[in-house]
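Participant: Can you read through this structure? Questions will come right after.
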Amino acid sequence: MRLSTEMAGFATRLGHDFARPDLLIRALTHASAGSTSRPHNQRLEFLGDRVLGLVIADALFTADRQATEGQLAPRFNALVRKETCAEVARRIELGVVLRLGRSEMLSGGRRKEALLGDAMEAVIAAVYLDGGIDAARAVILHHWQALIDDVDHDARDPKTALQEWSQARGDPPPSYTEIAREGPPHAPMFTIQVSLADGQNASAQAGSKRIAEQAAARALLRRVAPSS
């Protein structure tokens, strides 16, 4: 089996030469486009998530030998979460070669955070099955190294960090409000504002409410507690 020109280009961007191209094709086939004769990528997602976790955990453990488990855990979570996988997927234009069913294609599936993140995990599994753990480690570190180098020393979820900061001052938890929604139904953009009891606030825009809330919390936390 040979890869199409588009998928061969993706393999080049990924940085792995597949001995078994069928693994990459399967990894890039969403369940909506799968069939008996065309396996989809859900099982590969499961495996890829674990391979990514092992490589990232090892990289963090090696990079900072003085860090405690409590410091390593939030950094790990920040690097393996679905949003980060989707960020890497967008960088290597995975969405362009993602195989989708008609309904997912019409609803903007190539841009959906969850679909991109899942497919990125599946691709990692495909590399692992094709070339082993060393090949998977090489691909992961190539695309995650800058993220590993830049991960915040305290990489707690910004919503959690802001709430803890607020509670430590004896204030009620921050409140989140959707102040705008733009774009077509299949690809909305949400603007979320987070506010503290004293009236301080910040807003952010993203393709999902959860990500917009996190971004708004991060912006406000940097303003009210820059050293946190």
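Identifiers in the structure tokens: chain A, B, ... in order shown; residue index from 1 per chain; ligand index from 1 in order shown.
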Which stretch 70-120 of chain A residues have any atom within 12 Å of an atom of stretch 180-192 of chain A, and for each, what is the nearest pair of atoms with distance in Å to one decimal, counting only C-alpha atoms, rows sorted by chain and number, as a tab-separated table?

Facilitator:
```
residue	atom	partner	partner_atom	distance
A:Ser103	CA	A:His186	CA	10.7
A:Glu104	CA	A:His186	CA	9.5
A:Met105	CA	A:His186	CA	10.0
A:Leu106	CA	A:His186	CA	8.0
A:Ser107	CA	A:His186	CA	4.8
A:Gly108	CA	A:His186	CA	5.8
A:Gly109	CA	A:His186	CA	8.5
A:Arg110	CA	A:Ala187	CA	10.3
A:Arg111	CA	A:Ala187	CA	7.9
A:Lys112	CA	A:Ala187	CA	8.0
A:Glu113	CA	A:Ala187	CA	10.6
```

Participant: Using C-alpha atoms, can you export the residues from the last selection as a PDB file, in the first residue's frame?

Facilitator:
```pdb
ATOM      1  CA  SER A 103     -21.408  14.868   8.506  1.00  0.00           C
ATOM      2  CA  GLU A 104     -18.162  15.584  10.359  1.00  0.00           C
ATOM      3  CA  MET A 105     -16.673  17.224   7.290  1.00  0.00           C
ATOM      4  CA  LEU A 106     -19.647  19.547   6.896  1.00  0.00           C
ATOM      5  CA  SER A 107     -19.577  20.454  10.586  1.00  0.00           C
ATOM      6  CA  GLY A 108     -15.959  21.632  10.449  1.00  0.00           C
ATOM      7  CA  GLY A 109     -14.383  18.460  11.809  1.00  0.00           C
ATOM      8  CA  ARG A 110     -10.936  19.295  10.421  1.00  0.00           C
ATOM      9  CA  ARG A 111     -10.753  22.193  12.871  1.00  0.00           C
ATOM     10  CA  LYS A 112     -12.300  20.529  15.922  1.00  0.00           C
ATOM     11  CA  GLU A 113     -10.037  20.393  18.952  1.00  0.00           C
TER      12      GLU A 113
END
```

Participant: If you run DSSP over the backbone, which residues in chain A end up alpha helix (DSSP H)? Put them as a PyMOL selection string.

Facilitator: chain A and resi 5-14+21-27+42-63+69-80+82-91+102-106+113-150+158-168+209-224

Participant: Pick out the residues sitting within 8 Å of stretch 142-144 of chain A, and hand them over as number ranges by chain; count only C-alpha atoms, and ignore anything fewer than 3 positions along from it in its own chain.

Facilitator: A: 79, 88, 138-139, 147-148

Participant: Between atom CA of A:Val151 and atom CA of A:Gln200, what is the spacing in Å?

Facilitator: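 Taking atom CA of A:Gln200 as the start and atom CA of A:Val151 as the end point, the length is 26.6 Å.
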
Participant: Please compute the atom CA of A:Glu6-atom CA of A:Arg81 distance, one decimal, in Å.

Facilitator: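 These two atoms are separated by 27.0 Å.
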
Participant: Neighbouring residues of A:Thr177 were defined as those with any atom within 10 Å, considering only C-alpha atoms; residues of the same chain fewer than 4 positions away were excluded. Please report them as a compact mmCIF listing (two decimals) with N, CA and C atoms, in the first residue's frame.

Facilitator:
```
# COMPACT_ATOMS: atom_id res chain seq x y z
N THR A 191 -16.32 34.28 23.42
CA THR A 191 -15.60 35.25 24.23
C THR A 191 -16.10 35.13 25.65
N ILE A 192 -15.21 34.80 26.57
CA ILE A 192 -15.55 34.57 27.97
C ILE A 192 -14.87 35.61 28.83
N GLN A 193 -15.61 36.14 29.80
CA GLN A 193 -15.04 37.09 30.76
C GLN A 193 -15.05 36.46 32.14
N VAL A 194 -13.91 36.57 32.83
CA VAL A 194 -13.83 36.11 34.22
C VAL A 194 -13.72 37.33 35.11
N SER A 195 -14.46 37.30 36.22
CA SER A 195 -14.49 38.45 37.10
C SER A 195 -14.25 38.03 38.55
N SER A 203 -10.83 38.97 29.72
CA SER A 203 -11.61 38.18 28.76
C SER A 203 -10.67 37.53 27.76
N LYS A 209 -15.65 26.92 24.94
CA LYS A 209 -15.82 27.68 26.17
C LYS A 209 -14.74 27.35 27.18
N GLU A 213 -12.25 30.03 28.80
CA GLU A 213 -12.24 30.25 30.25
C GLU A 213 -10.82 30.14 30.81
```

Participant: Write out as a count of residues only the residues lying within 9 Å of stretch 49-65 of chain A, counting only C-alpha atoms and excluding same-chain residues fewer than 5 positions away.

Facilitator: 22

Participant: Enumerate, as a list of chain:residue names, the complete set of residues in stretch 43-181 of chain A that a backbone-based DSSP assignment places in strand (DSSP E).

Facilitator: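 Residues meeting the strand (DSSP E) criterion: A:Ser175, A:Tyr176, A:Thr177, A:Glu178, A:Ile179, A:Ala180, A:Arg181.
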
Participant: So, counting only C-alpha atoms, which residue among A:Gly117, A:Gly101, A:Gly132, A:Gly70 is closest to A:Ala89?

Facilitator: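 With only C-alpha atoms as the atom set, the closest residue is A:Gly117.
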
Participant: Please, what distance in Å, to one decimal, runs between atom CA of A:Arg102 and atom CA of A:Arg26?

Facilitator: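 Separating atom CA of A:Arg102 from atom CA of A:Arg26 is a distance of 17.4 Å.
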
Participant: Can you pull out every residue within 7 Å of stretch 157-171 of chain A, counting only C-alpha atoms, but drop anything in the same chain fewer than 2 positions away, and send it as JSON, numbers by chain?

Facilitator: {"A": [155, 173, 174, 197, 214, 217, 218, 221]}

Participant: I'd like to know which of A:Ala33, A:Ala206, A:Val123, A:Leu28 is closest to A:Gly15, using only C-alpha atoms.

Facilitator: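 Nearest candidate to A:Gly15 out of A:Ala33, A:Ala206, A:Val123, A:Leu28: A:Val123.
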
Participant: Using only C-alpha atoms, which residue out of A:His16, A:Ala215, A:Leu220, A:Arg91 lies closest to A:Asp134?

Facilitator: A:His16

Participant: Show me, as a PyMOL selection string, the residues that have an atom within 12 Å of A:Asp22 when counting only C-alpha atoms, minus same-chain residues fewer than 3 positions from it.

Facilitator: chain A and resi 1-4+7-8+18-19+25-29+38-41+123+126-127+129-130
